[in-house]
Number of protein chains: 2
Amino acid sequence: MATSFPINDDDDSAYSYSKNSQMQREILDDSKEMVRDAIIEKLDMKIMLSSSNTLRIADLGCSVGPNSLVAMQHVVQALKDKYHDNILEFQVFFNDHVTNDFNALFRSLPIDRSYYVSGVPGSFYDRLFPSRSIHFVHSSCAIHWLSKCPEELLDEKSPAWNKGMIHYIGSSNIEVLNAYVSQFEKDMEMFLNARAEEIVEGGMMVLISPFTSDSLMEFFGSSLMDLVNEGKLDESLVDSFNLPMYFPSPEDMTKVVEKNDYFSIERIELTYPESEVEHDAKILMINLSAILQGVLINHFGSKIAEKTCARTVLRSEEISAWMKANAEKSGQLFIALKRK
Amino acid sequence: MATSFPINDDDDSAYSYSKNSQMQREILDDSKEMVRDAIIEKLDMKIMLSSSNTLRIADLGCSVGPNSLVAMQHVVQALKDKYHDNILEFQVFFNDHVTNDFNALFRSLPIDRSYYVSGVPGSFYDRLFPSRSIHFVHSSCAIHWLSKCPEELLDEKSPAWNKGMIHYIGSSNIEVLNAYVSQFEKDMEMFLNARAEEIVEGGMMVLISPFTSDSLMEFFGSSLMDLVNEGKLDESLVDSFNLPMYFPSPEDMTKVVEKNDYFSIERIELTYPESEVEHDAKILMINLSAILQGVLINHFGSKIAEKTCARTVLRSEEISAWMKANAEKSGQLFIALKRK
């Protein structure tokens, strides 16, 4: 392993590279035409035609690890076991939003990995990869994030106006649920269209998504309403906030995949944890806080977001009792698709 | 463009995702076997055989931009102009050390880019990409960084012991230069071997490197020695420090490429700026400080590194006079190689 000599990438420093790289820029400009000439005059079309022994794998919504690293290790091992062909090479593309901390992800990569690494910034509702370039897509705990909150929920005049609530779960208004379903269908259609272009014929995609009909998220909503009732938060801010999450059922997923028609469903299953894992309510609420804090900060600012999370975590006993009564209602959806 | 909902990736926060993701991990573990089964039972070997319209381009030593973005835009445009075939797709791999700020790079990507983006962390003296997967490699102002400082320079008993100096330039000891040349040859051999595996037959590589025989870097060395003479820095620390940079000549490069034998030299040229650009000495020294601060901090700590840079920048007038006398000695090496 070669030693690393980082340049100064601290933007606040007087010697920041990004503010002080005119010299390298000049060198670049000077060589511009030579680069161009090399391409125009020397590059051969036959480079376009190459076969390869490389399997390209993508993890969509990878976050900062370590889960994604574990998942990718597992996928690669399974592929090796299947083909037991040591000329195979693996390239893993870790994808998440451009705001994801890819630096942290890269720094936590295992040294002894047996795949080439790439990080791909961007929303998986858009195109991320060239056509027919990916063989296997994996995505866990990511597709339940909608591309945005359904707009009808924010319109006071709409029948789907979701006053005082932050989600469809817990709301008795069927129009609210319909708005979420409709957003999910639009998003998943975009998702499937993008992947249909990117995945080679015969390539596969496994999607794993939490499924719940009762939701711990309600506790965050009621913590927000407590802040309203104490005069610490404007009610209209809660009214204009809805969690951009939809938990698709097997039926939801089947409907959109069949309509899209680029993929065959190889397996679809809703499972519930067999062993009754005793979740510690406090740990669970801290987990949820980590997940939700981003959207909460985005809408309410960091002070209210922190208060909301702290209050919800403090209600662990009440939540623990609730969980005992509702545990069987939370499971996970697994779906394996093959590109036709 | 879909809205972004970042999870909390602040490690210092009580709600940090990386410390609080047991729930997602459980979901992952639960689906482990299903993922494996999908691969073992459903994935088809014919996915291995696909042709494609994608050109894969790598920028080695990309740093945090904006130079790399400019270079890649230029390469892609030249490829488009050559083939004027709008079914072509481009995938650009931005490579730099794992300590590079990829987050900053990703956040500065132009929205209207016409290529798919990937970030690849790692040293370019190691393998970075699957075999025969890259069509065009670009690297500007990067290959003059050696993988490490030549070890002989640090050995008091070696004839290449580089006491009181920080580079071969300025040293009258030919053994010091030989040690640098030998390290460069070893490194470039590793570099070419790695690229020979990665680049498709007929694929190309352009390397651009600064070339100088007199060096502004000497001023940093003398600033360090000033600190020694003032009793603010231990002399042995300077003796054990050497800049891990070698500026290859066309002859150096030709020798190592011909020995390696995987690439043909399509063009090699040492050029000097035509228009006598009036470099402002102060701006230039700030630029150099940005480049060198990383290695200086690594060896001397941030306090001495900062003092050294600040002192050197303060000597701008003296440096300006020196530059007027030495301007013609600094140029750049361009080399275009084709994979045989």
# chains A, B, ... in the order shown; residues from 1 in each chain; ligands from 1

$ residues_around --residues "Pro150 of chain B" --least-positions-apart "6" --cutoff "8 Å" --atoms "only C-alpha atoms" --output "PyMOL selection string"
chain B and resi 179-180+183+244

$ residues_around --residues "Ser240 of chain A" --least-positions-apart "5" --cutoff "8 Å" --atoms "only C-alpha atoms" --output "list in words"
Leu153, Leu154 and Lys163 of chain A

$ write_last_selection --atoms "C-alpha atoms" --output "mmCIF file, in the first residue's frame"
data_model
loop_
_atom_site.group_PDB
_atom_site.id
_atom_site.type_symbol
_atom_site.label_atom_id
_atom_site.label_comp_id
_atom_site.auth_asym_id
_atom_site.auth_seq_id
_atom_site.Cartn_x
_atom_site.Cartn_y
_atom_site.Cartn_z
ATOM 1 C CA LEU A 153 -50.822 16.864 1.881
ATOM 2 C CA LEU A 154 -49.678 20.460 2.159
ATOM 3 C CA LYS A 163 -53.478 18.693 9.584
#

$ residues_around --residues "Met245 of chain A" --least-positions-apart "5" --cutoff "9 Å" --atoms "only C-alpha atoms" --output "ChimeraX atom specification"
/A:143-149,167,180,184

$ closest_residue --among "B:Glu230, B:Asp187, B:Asp101, B:Glu235" --to "chain A" --atoms "only C-alpha atoms"
B:Asp101

$ residues_around --residues "Lys232 of chain B" --least-positions-apart "4" --cutoff "12 Å" --atoms "only C-alpha atoms" --output "PyMOL selection string"
chain B and resi 223-228+237-238+300+303-304+307-308

$ write_last_selection --atoms "N, CA, C and O atoms" --output "PDB file, in the first residue's frame"
ATOM      1  N   SER B 223      13.335  27.782   4.474  1.00  0.00           N
ATOM      2  CA  SER B 223      12.516  28.259   5.595  1.00  0.00           C
ATOM      3  C   SER B 223      12.592  27.280   6.772  1.00  0.00           C
ATOM      4  O   SER B 223      12.651  27.691   7.939  1.00  0.00           O
ATOM      5  N   LEU B 224      12.610  26.002   6.444  1.00  0.00           N
ATOM      6  CA  LEU B 224      12.742  25.000   7.501  1.00  0.00           C
ATOM      7  C   LEU B 224      14.095  25.142   8.199  1.00  0.00           C
ATOM      8  O   LEU B 224      14.182  25.099   9.440  1.00  0.00           O
ATOM      9  N   MET B 225      15.153  25.336   7.414  1.00  0.00           N
ATOM     10  CA  MET B 225      16.476  25.471   8.016  1.00  0.00           C
ATOM     11  C   MET B 225      16.578  26.745   8.856  1.00  0.00           C
ATOM     12  O   MET B 225      17.270  26.759   9.880  1.00  0.00           O
ATOM     13  N   ASP B 226      15.869  27.809   8.446  1.00  0.00           N
ATOM     14  CA  ASP B 226      15.820  29.015   9.283  1.00  0.00           C
ATOM     15  C   ASP B 226      15.235  28.686  10.656  1.00  0.00           C
ATOM     16  O   ASP B 226      15.743  29.139  11.688  1.00  0.00           O
ATOM     17  N   LEU B 227      14.185  27.890  10.664  1.00  0.00           N
ATOM     18  CA  LEU B 227      13.563  27.512  11.936  1.00  0.00           C
ATOM     19  C   LEU B 227      14.544  26.698  12.781  1.00  0.00           C
ATOM     20  O   LEU B 227      14.579  26.827  14.007  1.00  0.00           O
ATOM     21  N   VAL B 228      15.338  25.865  12.115  1.00  0.00           N
ATOM     22  CA  VAL B 228      16.364  25.100  12.835  1.00  0.00           C
ATOM     23  C   VAL B 228      17.382  26.061  13.455  1.00  0.00           C
ATOM     24  O   VAL B 228      17.691  25.977  14.651  1.00  0.00           O
ATOM     25  N   LEU B 237      14.863  16.486  12.380  1.00  0.00           N
ATOM     26  CA  LEU B 237      13.541  16.395  11.735  1.00  0.00           C
ATOM     27  C   LEU B 237      13.619  16.825  10.270  1.00  0.00           C
ATOM     28  O   LEU B 237      12.913  16.287   9.414  1.00  0.00           O
ATOM     29  N   VAL B 238      14.463  17.808  10.002  1.00  0.00           N
ATOM     30  CA  VAL B 238      14.646  18.233   8.603  1.00  0.00           C
ATOM     31  C   VAL B 238      15.444  17.168   7.840  1.00  0.00           C
ATOM     32  O   VAL B 238      15.123  16.826   6.699  1.00  0.00           O
ATOM     33  N   PHE B 300       5.987  17.256  10.211  1.00  0.00           N
ATOM     34  CA  PHE B 300       6.401  18.240  11.214  1.00  0.00           C
ATOM     35  C   PHE B 300       5.280  18.647  12.170  1.00  0.00           C
ATOM     36  O   PHE B 300       5.535  19.348  13.139  1.00  0.00           O
ATOM     37  N   LYS B 303       1.770  23.030  13.336  1.00  0.00           N
ATOM     38  CA  LYS B 303       2.342  24.318  13.745  1.00  0.00           C
ATOM     39  C   LYS B 303       3.554  24.680  12.878  1.00  0.00           C
ATOM     40  O   LYS B 303       3.625  25.775  12.326  1.00  0.00           O
ATOM     41  N   ILE B 304       4.499  23.759  12.800  1.00  0.00           N
ATOM     42  CA  ILE B 304       5.710  23.996  12.000  1.00  0.00           C
ATOM     43  C   ILE B 304       5.345  24.124  10.517  1.00  0.00           C
ATOM     44  O   ILE B 304       5.891  24.981   9.800  1.00  0.00           O
ATOM     45  N   LYS B 307       4.058  27.596   9.982  1.00  0.00           N
ATOM     46  CA  LYS B 307       5.161  28.563  10.054  1.00  0.00           C
ATOM     47  C   LYS B 307       5.998  28.526   8.782  1.00  0.00           C
ATOM     48  O   LYS B 307       6.386  29.566   8.249  1.00  0.00           O
ATOM     49  N   THR B 308       6.305  27.327   8.330  1.00  0.00           N
ATOM     50  CA  THR B 308       7.152  27.169   7.144  1.00  0.00           C
ATOM     51  C   THR B 308       6.493  27.815   5.924  1.00  0.00           C
ATOM     52  O   THR B 308       7.133  28.554   5.176  1.00  0.00           O
TER      53      THR B 308
END

$ atom_distance --atom1 "atom CA of Phe94 of chain B" --atom2 "atom CA of Ser63 of chain B"
8.4 Å

$ atom_distance --atom1 "atom CA of Met204 of chain A" --atom2 "atom CA of Ala336 of chain A"
7.1 Å

$ select_by_dssp --residues "segment 96-201 of chain B" --states "helix (DSSP H, G or I)" --output "JSON, numbers by chain"
{"B": [102, 103, 104, 105, 106, 107, 151, 152, 153, 154, 174, 175, 176, 177, 178, 179, 180, 181, 182, 183, 184, 185, 186, 187, 188, 189, 190, 191, 192, 193, 194, 195, 196, 197, 198]}

$ residues_around --residues "Thr271 of chain B" --least-positions-apart "4" --cutoff "8 Å" --atoms "only C-alpha atoms" --output "list in words"
Gly331, Gln332, Leu333 and Phe334 of chain B

$ closest_residue --among "B:Ala290, B:Ile319, B:Leu105, B:Leu243" --to "Met165 of chain B" --atoms "only C-alpha atoms"
B:Leu243

$ closest_residue --among "B:Phe106, B:His97, B:Leu192, B:Phe241" --to "Glu258 of chain B" --atoms "only C-alpha atoms"
B:Leu192

$ select_by_dssp --residues "segment 74-271 of chain A" --states "strand (DSSP E or B)" --output "ChimeraX atom specification"
/A:89-96,116-121,134-140,145,199-212,245,263-271

$ write_last_selection --atoms "C-alpha atoms" --output "PDB file, in the first residue's frame"
ATOM      1  CA  GLU A  89     -13.740  -9.682 -10.921  1.00  0.00           C
ATOM      2  CA  PHE A  90     -16.219  -7.597  -8.970  1.00  0.00           C
ATOM      3  CA  GLN A  91     -16.881  -3.898  -9.041  1.00  0.00           C
ATOM      4  CA  VAL A  92     -19.175  -2.509  -6.377  1.00  0.00           C
ATOM      5  CA  PHE A  93     -20.890   0.851  -6.825  1.00  0.00           C
ATOM      6  CA  PHE A  94     -21.967   2.416  -3.538  1.00  0.00           C
ATOM      7  CA  ASN A  95     -24.772   4.869  -4.205  1.00  0.00           C
ATOM      8  CA  ASP A  96     -26.457   7.465  -2.059  1.00  0.00           C
ATOM      9  CA  TYR A 116     -13.115  -2.759  -6.798  1.00  0.00           C
ATOM     10  CA  VAL A 117     -14.838   0.205  -5.182  1.00  0.00           C
ATOM     11  CA  SER A 118     -16.777   3.103  -6.625  1.00  0.00           C
ATOM     12  CA  GLY A 119     -18.961   5.727  -4.988  1.00  0.00           C
ATOM     13  CA  VAL A 120     -21.857   7.081  -7.012  1.00  0.00           C
ATOM     14  CA  PRO A 121     -23.590  10.246  -5.765  1.00  0.00           C
ATOM     15  CA  ILE A 134     -25.033  -3.355 -13.964  1.00  0.00           C
ATOM     16  CA  HIS A 135     -25.498  -7.052 -13.214  1.00  0.00           C
ATOM     17  CA  PHE A 136     -26.850  -7.043  -9.711  1.00  0.00           C
ATOM     18  CA  VAL A 137     -28.626  -4.336  -7.706  1.00  0.00           C
ATOM     19  CA  HIS A 138     -29.117  -4.470  -3.966  1.00  0.00           C
ATOM     20  CA  SER A 139     -31.051  -1.987  -1.880  1.00  0.00           C
ATOM     21  CA  SER A 140     -31.945  -2.332   1.764  1.00  0.00           C
ATOM     22  CA  TRP A 145     -37.977   6.957   1.149  1.00  0.00           C
ATOM     23  CA  ILE A 199     -29.366  -3.549 -15.684  1.00  0.00           C
ATOM     24  CA  VAL A 200     -28.241  -6.052 -18.314  1.00  0.00           C
ATOM     25  CA  GLU A 201     -30.705  -8.572 -19.658  1.00  0.00           C
ATOM     26  CA  GLY A 202     -30.933 -11.359 -17.110  1.00  0.00           C
ATOM     27  CA  GLY A 203     -29.488  -9.146 -14.391  1.00  0.00           C
ATOM     28  CA  MET A 204     -31.183  -9.027 -11.042  1.00  0.00           C
ATOM     29  CA  MET A 205     -32.300  -6.661  -8.352  1.00  0.00           C
ATOM     30  CA  VAL A 206     -33.166  -7.381  -4.737  1.00  0.00           C
ATOM     31  CA  LEU A 207     -35.052  -4.784  -2.769  1.00  0.00           C
ATOM     32  CA  ILE A 208     -35.582  -4.969   0.955  1.00  0.00           C
ATOM     33  CA  SER A 209     -37.901  -2.557   2.675  1.00  0.00           C
ATOM     34  CA  PRO A 210     -39.332  -2.269   6.174  1.00  0.00           C
ATOM     35  CA  PHE A 211     -43.066  -2.895   6.357  1.00  0.00           C
ATOM     36  CA  THR A 212     -45.339  -1.695   9.074  1.00  0.00           C
ATOM     37  CA  MET A 245     -41.833   7.542   3.638  1.00  0.00           C
ATOM     38  CA  PHE A 263     -38.876  -7.019 -14.743  1.00  0.00           C
ATOM     39  CA  SER A 264     -40.218 -10.395 -13.754  1.00  0.00           C
ATOM     40  CA  ILE A 265     -40.879 -11.027 -10.088  1.00  0.00           C
ATOM     41  CA  GLU A 266     -38.761 -13.978  -9.031  1.00  0.00           C
ATOM     42  CA  ARG A 267     -39.756 -13.822  -5.423  1.00  0.00           C
ATOM     43  CA  ILE A 268     -41.805 -11.540  -3.235  1.00  0.00           C
ATOM     44  CA  GLU A 269     -42.370 -12.051   0.415  1.00  0.00           C
ATOM     45  CA  LEU A 270     -43.472 -10.246   3.489  1.00  0.00           C
ATOM     46  CA  THR A 271     -41.726 -11.699   6.525  1.00  0.00           C
TER      47      THR A 271
END
